[in-house]
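> Here you go, work18.cif (mmCIF, N, CA and C atoms):
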data_model
#
loop_
_atom_site.label_atom_id
_atom_site.label_comp_id
_atom_site.auth_asym_id
_atom_site.auth_seq_id
_atom_site.Cartn_x
_atom_site.Cartn_y
_atom_site.Cartn_z
N MET T 1078 -35.61 -0.50 1.98
CA MET T 1078 -35.86 -1.12 0.70
C MET T 1078 -36.57 -2.44 0.96
N ASP T 1079 -37.64 -2.70 0.22
CA ASP T 1079 -38.34 -3.97 0.33
C ASP T 1079 -37.57 -5.02 -0.45
N ARG T 1080 -37.38 -6.15 0.20
CA ARG T 1080 -36.68 -7.25 -0.46
C ARG T 1080 -37.59 -8.45 -0.49
N ASP T 1081 -37.33 -9.32 -1.45
CA ASP T 1081 -38.02 -10.60 -1.52
C ASP T 1081 -37.84 -11.29 -0.17
N PRO T 1082 -38.92 -11.82 0.44
CA PRO T 1082 -38.80 -12.45 1.75
C PRO T 1082 -37.81 -13.61 1.77
N SER T 1083 -37.51 -14.19 0.63
CA SER T 1083 -36.56 -15.30 0.58
C SER T 1083 -35.12 -14.82 0.65
N PHE T 1084 -34.91 -13.49 0.58
CA PHE T 1084 -33.54 -12.97 0.58
C PHE T 1084 -32.76 -13.42 1.80
N SER T 1085 -33.34 -13.30 2.98
CA SER T 1085 -32.64 -13.68 4.21
C SER T 1085 -32.31 -15.16 4.20
N ALA T 1086 -33.27 -15.97 3.79
CA ALA T 1086 -33.02 -17.41 3.72
C ALA T 1086 -31.94 -17.71 2.70
N ALA T 1087 -31.97 -16.99 1.58
CA ALA T 1087 -30.98 -17.24 0.54
C ALA T 1087 -29.59 -16.88 1.03
N ALA T 1088 -29.46 -15.74 1.67
CA ALA T 1088 -28.15 -15.31 2.16
C ALA T 1088 -27.66 -16.25 3.25
N GLY T 1089 -28.59 -16.89 3.96
CA GLY T 1089 -28.21 -17.81 5.02
C GLY T 1089 -28.00 -19.23 4.55
N GLY T 1090 -28.03 -19.46 3.24
CA GLY T 1090 -27.74 -20.79 2.73
C GLY T 1090 -28.96 -21.53 2.23
N GLY T 1091 -30.11 -20.87 2.10
CA GLY T 1091 -31.33 -21.53 1.67
C GLY T 1091 -31.34 -21.89 0.20
N ILE T 1092 -30.42 -21.36 -0.59
CA ILE T 1092 -30.36 -21.64 -2.02
C ILE T 1092 -29.09 -22.44 -2.27
N THR T 1093 -29.24 -23.56 -2.94
CA THR T 1093 -28.05 -24.34 -3.27
C THR T 1093 -27.41 -23.77 -4.52
N ILE T 1094 -26.12 -23.99 -4.65
CA ILE T 1094 -25.36 -23.41 -5.75
C ILE T 1094 -25.81 -23.93 -7.10
N SER T 1095 -26.41 -25.13 -7.16
CA SER T 1095 -26.82 -25.71 -8.43
C SER T 1095 -28.13 -25.12 -8.93
N GLN T 1096 -28.85 -24.40 -8.10
CA GLN T 1096 -30.10 -23.80 -8.55
C GLN T 1096 -29.84 -22.59 -9.43
N THR T 1097 -30.79 -22.34 -10.32
CA THR T 1097 -30.76 -21.11 -11.09
C THR T 1097 -31.32 -20.00 -10.22
N VAL T 1098 -30.50 -18.99 -10.00
CA VAL T 1098 -30.91 -17.85 -9.17
C VAL T 1098 -30.93 -16.62 -10.06
N TYR T 1099 -32.11 -16.05 -10.22
CA TYR T 1099 -32.30 -14.85 -11.02
C TYR T 1099 -32.47 -13.68 -10.06
N VAL T 1100 -31.58 -12.70 -10.18
CA VAL T 1100 -31.65 -11.49 -9.37
C VAL T 1100 -31.90 -10.31 -10.29
N ALA T 1101 -32.94 -9.55 -9.96
CA ALA T 1101 -33.29 -8.34 -10.72
C ALA T 1101 -32.85 -7.12 -9.93
N LEU T 1102 -32.14 -6.23 -10.60
CA LEU T 1102 -31.69 -4.97 -10.01
C LEU T 1102 -32.31 -3.83 -10.80
N GLY T 1103 -32.62 -2.74 -10.12
CA GLY T 1103 -33.10 -1.59 -10.86
C GLY T 1103 -34.16 -0.76 -10.17
N ASP T 1104 -35.01 -0.18 -11.00
CA ASP T 1104 -35.99 0.80 -10.54
C ASP T 1104 -37.41 0.28 -10.67
N SER T 1105 -38.36 1.17 -10.81
CA SER T 1105 -39.78 0.80 -10.82
C SER T 1105 -40.18 -0.12 -11.96
N THR T 1106 -39.45 -0.09 -13.07
CA THR T 1106 -39.80 -1.00 -14.16
C THR T 1106 -39.63 -2.45 -13.72
N GLY T 1107 -38.69 -2.69 -12.81
CA GLY T 1107 -38.44 -4.03 -12.31
C GLY T 1107 -39.48 -4.52 -11.32
N VAL T 1108 -40.21 -3.59 -10.71
CA VAL T 1108 -41.27 -4.00 -9.79
C VAL T 1108 -42.62 -4.03 -10.50
N GLY T 1109 -42.61 -3.72 -11.78
CA GLY T 1109 -43.82 -3.82 -12.58
C GLY T 1109 -44.57 -2.52 -12.79
N MET T 1110 -44.03 -1.41 -12.33
CA MET T 1110 -44.67 -0.12 -12.52
C MET T 1110 -44.82 0.16 -14.02
N GLY T 1111 -46.02 0.47 -14.41
CA GLY T 1111 -46.28 0.77 -15.81
C GLY T 1111 -46.58 -0.45 -16.67
N ALA T 1112 -46.49 -1.63 -16.10
CA ALA T 1112 -46.78 -2.85 -16.86
C ALA T 1112 -48.28 -2.95 -17.09
N ARG T 1113 -48.66 -3.41 -18.24
CA ARG T 1113 -50.08 -3.54 -18.57
C ARG T 1113 -50.75 -4.63 -17.75
N LYS T 1114 -50.01 -5.69 -17.46
CA LYS T 1114 -50.54 -6.77 -16.64
C LYS T 1114 -49.39 -7.48 -15.96
N GLY T 1115 -49.68 -8.10 -14.85
CA GLY T 1115 -48.64 -8.85 -14.15
C GLY T 1115 -47.62 -7.93 -13.52
N GLY T 1116 -46.45 -8.49 -13.25
CA GLY T 1116 -45.41 -7.76 -12.55
C GLY T 1116 -44.35 -7.16 -13.44
N GLY T 1117 -44.59 -7.02 -14.71
CA GLY T 1117 -43.61 -6.43 -15.59
C GLY T 1117 -42.60 -7.42 -16.12
N TYR T 1118 -41.49 -6.88 -16.65
CA TYR T 1118 -40.52 -7.74 -17.35
C TYR T 1118 -39.87 -8.75 -16.42
N VAL T 1119 -39.65 -8.42 -15.15
CA VAL T 1119 -39.01 -9.36 -14.23
C VAL T 1119 -39.87 -10.61 -14.08
N ASP T 1120 -41.14 -10.43 -13.80
CA ASP T 1120 -42.03 -11.59 -13.64
C ASP T 1120 -42.17 -12.37 -14.94
N ARG T 1121 -42.28 -11.66 -16.06
CA ARG T 1121 -42.41 -12.36 -17.35
C ARG T 1121 -41.17 -13.19 -17.65
N LEU T 1122 -40.00 -12.61 -17.43
CA LEU T 1122 -38.76 -13.34 -17.68
C LEU T 1122 -38.63 -14.53 -16.72
N PHE T 1123 -38.99 -14.33 -15.46
CA PHE T 1123 -38.89 -15.41 -14.49
C PHE T 1123 -39.81 -16.57 -14.86
N HIS T 1124 -41.03 -16.27 -15.29
CA HIS T 1124 -41.96 -17.35 -15.68
C HIS T 1124 -41.43 -18.12 -16.89
N ARG T 1125 -40.79 -17.42 -17.81
CA ARG T 1125 -40.18 -18.11 -18.96
C ARG T 1125 -39.01 -18.98 -18.50
N LEU T 1126 -38.23 -18.47 -17.57
CA LEU T 1126 -37.11 -19.22 -17.02
C LEU T 1126 -37.59 -20.48 -16.31
N GLN T 1127 -38.68 -20.37 -15.58
CA GLN T 1127 -39.21 -21.52 -14.84
C GLN T 1127 -39.67 -22.65 -15.77
N ARG T 1128 -40.02 -22.32 -16.99
CA ARG T 1128 -40.42 -23.37 -17.93
C ARG T 1128 -39.28 -24.34 -18.20
N VAL T 1129 -38.05 -23.83 -18.21
CA VAL T 1129 -36.90 -24.70 -18.48
C VAL T 1129 -36.11 -25.03 -17.21
N GLN T 1130 -36.31 -24.26 -16.17
CA GLN T 1130 -35.64 -24.47 -14.88
C GLN T 1130 -36.70 -24.38 -13.78
N PRO T 1131 -37.50 -25.43 -13.57
CA PRO T 1131 -38.60 -25.37 -12.60
C PRO T 1131 -38.19 -25.01 -11.18
N CYS T 1132 -36.96 -25.26 -10.81
CA CYS T 1132 -36.50 -24.95 -9.45
C CYS T 1132 -35.83 -23.57 -9.37
N ALA T 1133 -35.96 -22.78 -10.42
CA ALA T 1133 -35.36 -21.44 -10.43
C ALA T 1133 -35.93 -20.61 -9.29
N HIS T 1134 -35.12 -19.68 -8.83
CA HIS T 1134 -35.50 -18.82 -7.71
C HIS T 1134 -35.31 -17.36 -8.12
N LEU T 1135 -36.27 -16.52 -7.78
CA LEU T 1135 -36.22 -15.10 -8.09
C LEU T 1135 -36.03 -14.28 -6.83
N VAL T 1136 -35.09 -13.35 -6.87
CA VAL T 1136 -34.94 -12.33 -5.83
C VAL T 1136 -34.97 -10.99 -6.54
N ASN T 1137 -36.04 -10.26 -6.34
CA ASN T 1137 -36.23 -8.97 -7.00
C ASN T 1137 -35.84 -7.87 -6.03
N LEU T 1138 -34.70 -7.24 -6.29
CA LEU T 1138 -34.19 -6.17 -5.45
C LEU T 1138 -34.53 -4.78 -5.99
N CYS T 1139 -35.32 -4.72 -7.06
CA CYS T 1139 -35.69 -3.45 -7.66
C CYS T 1139 -36.51 -2.61 -6.68
N VAL T 1140 -36.33 -1.29 -6.76
CA VAL T 1140 -37.03 -0.36 -5.88
C VAL T 1140 -37.51 0.81 -6.72
N SER T 1141 -38.78 1.14 -6.58
CA SER T 1141 -39.32 2.31 -7.27
C SER T 1141 -38.53 3.56 -6.88
N GLY T 1142 -38.18 4.34 -7.87
CA GLY T 1142 -37.46 5.59 -7.62
C GLY T 1142 -35.96 5.46 -7.56
N ALA T 1143 -35.43 4.23 -7.67
CA ALA T 1143 -33.98 4.03 -7.54
C ALA T 1143 -33.23 4.68 -8.70
N THR T 1144 -32.09 5.25 -8.37
CA THR T 1144 -31.15 5.77 -9.36
C THR T 1144 -30.01 4.77 -9.49
N SER T 1145 -29.12 5.02 -10.42
CA SER T 1145 -27.95 4.14 -10.56
C SER T 1145 -27.11 4.15 -9.29
N GLY T 1146 -27.02 5.29 -8.63
CA GLY T 1146 -26.29 5.38 -7.37
C GLY T 1146 -26.95 4.56 -6.28
N ASP T 1147 -28.29 4.59 -6.23
CA ASP T 1147 -29.02 3.77 -5.26
C ASP T 1147 -28.78 2.29 -5.51
N ALA T 1148 -28.85 1.88 -6.76
CA ALA T 1148 -28.61 0.47 -7.10
C ALA T 1148 -27.21 0.05 -6.68
N LEU T 1149 -26.24 0.93 -6.92
CA LEU T 1149 -24.86 0.63 -6.55
C LEU T 1149 -24.72 0.50 -5.03
N ARG T 1150 -25.32 1.40 -4.29
CA ARG T 1150 -25.18 1.40 -2.82
C ARG T 1150 -26.06 0.36 -2.13
N GLU T 1151 -27.26 0.11 -2.66
CA GLU T 1151 -28.25 -0.65 -1.91
C GLU T 1151 -28.64 -2.00 -2.50
N GLN T 1152 -28.26 -2.29 -3.74
CA GLN T 1152 -28.72 -3.52 -4.37
C GLN T 1152 -27.59 -4.48 -4.75
N VAL T 1153 -26.48 -3.95 -5.19
CA VAL T 1153 -25.43 -4.79 -5.78
C VAL T 1153 -24.80 -5.75 -4.78
N ASP T 1154 -24.45 -5.29 -3.60
CA ASP T 1154 -23.82 -6.19 -2.63
C ASP T 1154 -24.76 -7.31 -2.22
N ALA T 1155 -26.04 -6.97 -2.06
CA ALA T 1155 -27.04 -8.00 -1.73
C ALA T 1155 -27.14 -9.02 -2.85
N ALA T 1156 -27.11 -8.55 -4.08
CA ALA T 1156 -27.16 -9.45 -5.24
C ALA T 1156 -25.93 -10.35 -5.28
N ALA T 1157 -24.78 -9.78 -5.05
CA ALA T 1157 -23.53 -10.55 -5.13
C ALA T 1157 -23.50 -11.68 -4.09
N LEU T 1158 -24.07 -11.44 -2.92
CA LEU T 1158 -24.12 -12.48 -1.88
C LEU T 1158 -24.89 -13.72 -2.34
N LEU T 1159 -25.84 -13.51 -3.24
CA LEU T 1159 -26.68 -14.61 -3.71
C LEU T 1159 -26.03 -15.43 -4.81
N ARG T 1160 -24.91 -14.96 -5.32
CA ARG T 1160 -24.20 -15.64 -6.41
C ARG T 1160 -25.16 -16.00 -7.55
N PRO T 1161 -25.81 -15.01 -8.13
CA PRO T 1161 -26.83 -15.27 -9.14
C PRO T 1161 -26.27 -15.88 -10.41
N THR T 1162 -27.11 -16.65 -11.07
CA THR T 1162 -26.76 -17.20 -12.38
C THR T 1162 -27.32 -16.33 -13.49
N VAL T 1163 -28.35 -15.56 -13.17
CA VAL T 1163 -28.96 -14.63 -14.12
C VAL T 1163 -29.18 -13.31 -13.40
N VAL T 1164 -28.74 -12.20 -14.03
CA VAL T 1164 -28.94 -10.87 -13.47
C VAL T 1164 -29.49 -9.98 -14.56
N THR T 1165 -30.52 -9.20 -14.20
CA THR T 1165 -30.96 -8.13 -15.10
C THR T 1165 -30.80 -6.82 -14.36
N LEU T 1166 -30.51 -5.78 -15.11
CA LEU T 1166 -30.36 -4.44 -14.57
C LEU T 1166 -31.10 -3.49 -15.48
N CYS T 1167 -32.09 -2.81 -14.92
CA CYS T 1167 -32.82 -1.79 -15.68
C CYS T 1167 -32.84 -0.54 -14.81
N ILE T 1168 -32.03 0.42 -15.17
CA ILE T 1168 -31.86 1.62 -14.34
C ILE T 1168 -31.56 2.80 -15.25
N GLY T 1169 -31.96 3.98 -14.84
CA GLY T 1169 -31.55 5.16 -15.60
C GLY T 1169 -32.59 6.26 -15.70
N ILE T 1170 -33.87 5.91 -15.75
CA ILE T 1170 -34.87 6.97 -15.94
C ILE T 1170 -34.88 7.94 -14.76
N ASN T 1171 -34.67 7.44 -13.55
CA ASN T 1171 -34.64 8.33 -12.38
C ASN T 1171 -33.37 9.18 -12.36
N ASP T 1172 -32.29 8.68 -12.94
CA ASP T 1172 -31.08 9.50 -13.09
C ASP T 1172 -31.38 10.68 -14.01
N VAL T 1173 -32.12 10.41 -15.08
CA VAL T 1173 -32.47 11.47 -16.03
C VAL T 1173 -33.35 12.52 -15.36
N THR T 1174 -34.38 12.06 -14.67
CA THR T 1174 -35.33 13.02 -14.06
C THR T 1174 -34.71 13.79 -12.90
N ARG T 1175 -33.62 13.28 -12.35
CA ARG T 1175 -32.95 13.97 -11.23
C ARG T 1175 -31.66 14.66 -11.67
N ASP T 1176 -31.50 14.78 -12.98
CA ASP T 1176 -30.35 15.50 -13.55
C ASP T 1176 -28.99 14.96 -13.10
N VAL T 1177 -28.89 13.64 -12.96
CA VAL T 1177 -27.59 13.02 -12.67
C VAL T 1177 -26.73 13.18 -13.92
N ALA T 1178 -25.51 13.64 -13.74
CA ALA T 1178 -24.61 13.85 -14.86
C ALA T 1178 -24.34 12.54 -15.59
N VAL T 1179 -24.18 12.61 -16.90
CA VAL T 1179 -23.93 11.43 -17.71
C VAL T 1179 -22.68 10.69 -17.23
N GLY T 1180 -21.65 11.42 -16.88
CA GLY T 1180 -20.42 10.81 -16.39
C GLY T 1180 -20.64 10.04 -15.09
N GLU T 1181 -21.46 10.59 -14.20
CA GLU T 1181 -21.75 9.91 -12.95
C GLU T 1181 -22.57 8.64 -13.20
N PHE T 1182 -23.56 8.75 -14.10
CA PHE T 1182 -24.35 7.58 -14.45
C PHE T 1182 -23.47 6.49 -15.03
N SER T 1183 -22.60 6.87 -15.97
CA SER T 1183 -21.70 5.89 -16.60
C SER T 1183 -20.78 5.24 -15.58
N ALA T 1184 -20.25 6.03 -14.65
CA ALA T 1184 -19.36 5.49 -13.62
C ALA T 1184 -20.13 4.53 -12.71
N ASN T 1185 -21.36 4.87 -12.35
CA ASN T 1185 -22.17 3.99 -11.51
C ASN T 1185 -22.46 2.68 -12.23
N LEU T 1186 -22.83 2.77 -13.50
CA LEU T 1186 -23.13 1.57 -14.28
C LEU T 1186 -21.91 0.66 -14.38
N ARG T 1187 -20.76 1.24 -14.67
CA ARG T 1187 -19.51 0.46 -14.73
C ARG T 1187 -19.22 -0.20 -13.38
N ALA T 1188 -19.39 0.55 -12.30
CA ALA T 1188 -19.11 0.01 -10.96
C ALA T 1188 -20.06 -1.14 -10.62
N ILE T 1189 -21.33 -1.00 -11.00
CA ILE T 1189 -22.30 -2.08 -10.75
C ILE T 1189 -21.86 -3.35 -11.46
N ILE T 1190 -21.54 -3.22 -12.72
CA ILE T 1190 -21.15 -4.39 -13.52
C ILE T 1190 -19.85 -5.00 -13.01
N LEU T 1191 -18.87 -4.17 -12.69
CA LEU T 1191 -17.59 -4.69 -12.19
C LEU T 1191 -17.77 -5.40 -10.85
N ARG T 1192 -18.59 -4.85 -9.98
CA ARG T 1192 -18.81 -5.49 -8.68
C ARG T 1192 -19.47 -6.86 -8.84
N LEU T 1193 -20.43 -6.93 -9.74
CA LEU T 1193 -21.08 -8.22 -9.99
C LEU T 1193 -20.12 -9.21 -10.62
N LYS T 1194 -19.31 -8.75 -11.56
CA LYS T 1194 -18.33 -9.63 -12.20
C LYS T 1194 -17.30 -10.13 -11.20
N ARG T 1195 -16.88 -9.25 -10.29
CA ARG T 1195 -15.90 -9.65 -9.30
C ARG T 1195 -16.44 -10.72 -8.36
N SER T 1196 -17.72 -10.64 -8.05
CA SER T 1196 -18.30 -11.61 -7.11
C SER T 1196 -18.35 -12.99 -7.73
N GLU T 1197 -18.52 -13.06 -9.01
CA GLU T 1197 -18.57 -14.33 -9.73
C GLU T 1197 -18.73 -14.00 -11.21
N GLU T 1198 -18.06 -14.74 -12.06
CA GLU T 1198 -18.22 -14.49 -13.48
C GLU T 1198 -19.60 -14.98 -13.91
N ARG T 1199 -20.48 -14.05 -14.13
CA ARG T 1199 -21.86 -14.34 -14.53
C ARG T 1199 -22.26 -13.39 -15.65
N ARG T 1200 -23.27 -13.79 -16.36
CA ARG T 1200 -23.81 -12.89 -17.38
C ARG T 1200 -24.57 -11.76 -16.70
N VAL T 1201 -24.34 -10.57 -17.15
CA VAL T 1201 -25.03 -9.41 -16.61
C VAL T 1201 -25.83 -8.78 -17.75
N GLY T 1202 -27.15 -8.81 -17.59
CA GLY T 1202 -28.01 -8.17 -18.59
C GLY T 1202 -28.01 -6.67 -18.35
N LYS T 1203 -27.64 -5.90 -19.35
CA LYS T 1203 -27.52 -4.47 -19.18
C LYS T 1203 -28.70 -3.72 -19.80
N GLU T 1204 -29.61 -4.42 -20.38
CA GLU T 1204 -30.71 -3.74 -21.04
C GLU T 1204 -32.01 -4.04 -20.34
N CYS T 1205 -32.91 -3.14 -20.44
CA CYS T 1205 -34.25 -3.34 -19.91
C CYS T 1205 -35.06 -4.09 -20.98
N LEU T 1206 -35.55 -5.25 -20.64
CA LEU T 1206 -36.36 -6.04 -21.58
C LEU T 1206 -37.76 -5.47 -21.63
N ARG T 1207 -38.31 -5.35 -22.75
CA ARG T 1207 -39.66 -4.77 -22.89
C ARG T 1207 -40.58 -5.80 -23.52
#
Show how you would write the structure in this file as structure tokens.

Amino acid sequence: MDRDPSFSAAAGGGITISQTVYVALGDSTGVGMGARKGGGYVDRLFHRLQRVQPCAHLVNLCVSGATSGDALREQVDAAALLRPTVVTLCIGINDVTRDVAVGEFSANLRAIILRLKRSEERRVGKECLR
């Protein structure tokens, strides 16, 4: 999985706790696939955030093709280590195209949110911003 190059520095203490840390979790929509311009909703939201928090930091853990199970296994623990102040999660279309059962998708989504909440009480965005 490709990670923001700052991820290693962030996990090693490169981000101070007072900074706004935005972590994006999800699938290709988070990396900008299908966006008319720019990097999609993650980049647009981050640029808006920077207007009010100039020292904000973005770590985009989204991966094209990711399912809710992939996000749970490969993205959530990395996100939790960063102690994010803002999290977005946009996942599900690949679950649909791969016939993941609704119950499995729901369980994965609940587990993602609970794991993030356990790491720190933070707001978790559950919708894909368009």
> Within 9 Å of range 1131-1147 of chain T, counting only C-alpha atoms, which residues show up once you throw out same-chain ones fewer than 2 positions away? Write them as a ChimeraX atom specification, please.
/T:1078-1084,1087,1092,1096-1108,1110,1119-1120,1123,1126-1129,1149-1153,1155-1156,1159,1166-1173,1175,1177,1181-1183,1185-1186,1189
> Could you pull out the residues in range 1135-1166 of chain T that DSSP calls strand (DSSP E) from the backbone, as a ChimeraX atom specification?
/T:1135-1137,1163-1166
> Could you check how far CA of Asp1176 in chain T sits from atom N of Ala1148 in chain T, in Å to one decimal?
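These atoms are spaced 15.3 Å apart.
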> If I take atom N of Ala1157 in chain T and CA of Leu1193 in chain T, how far is one from the other in Å, to one decimal?
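Atom N of Ala1157 in chain T sits 6.4 Å away from CA of Leu1193 in chain T.
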> Please compute the CA of Gln1130 in chain T-CA of Leu1158 in chain T distance, one decimal, in Å.
21.1 Å
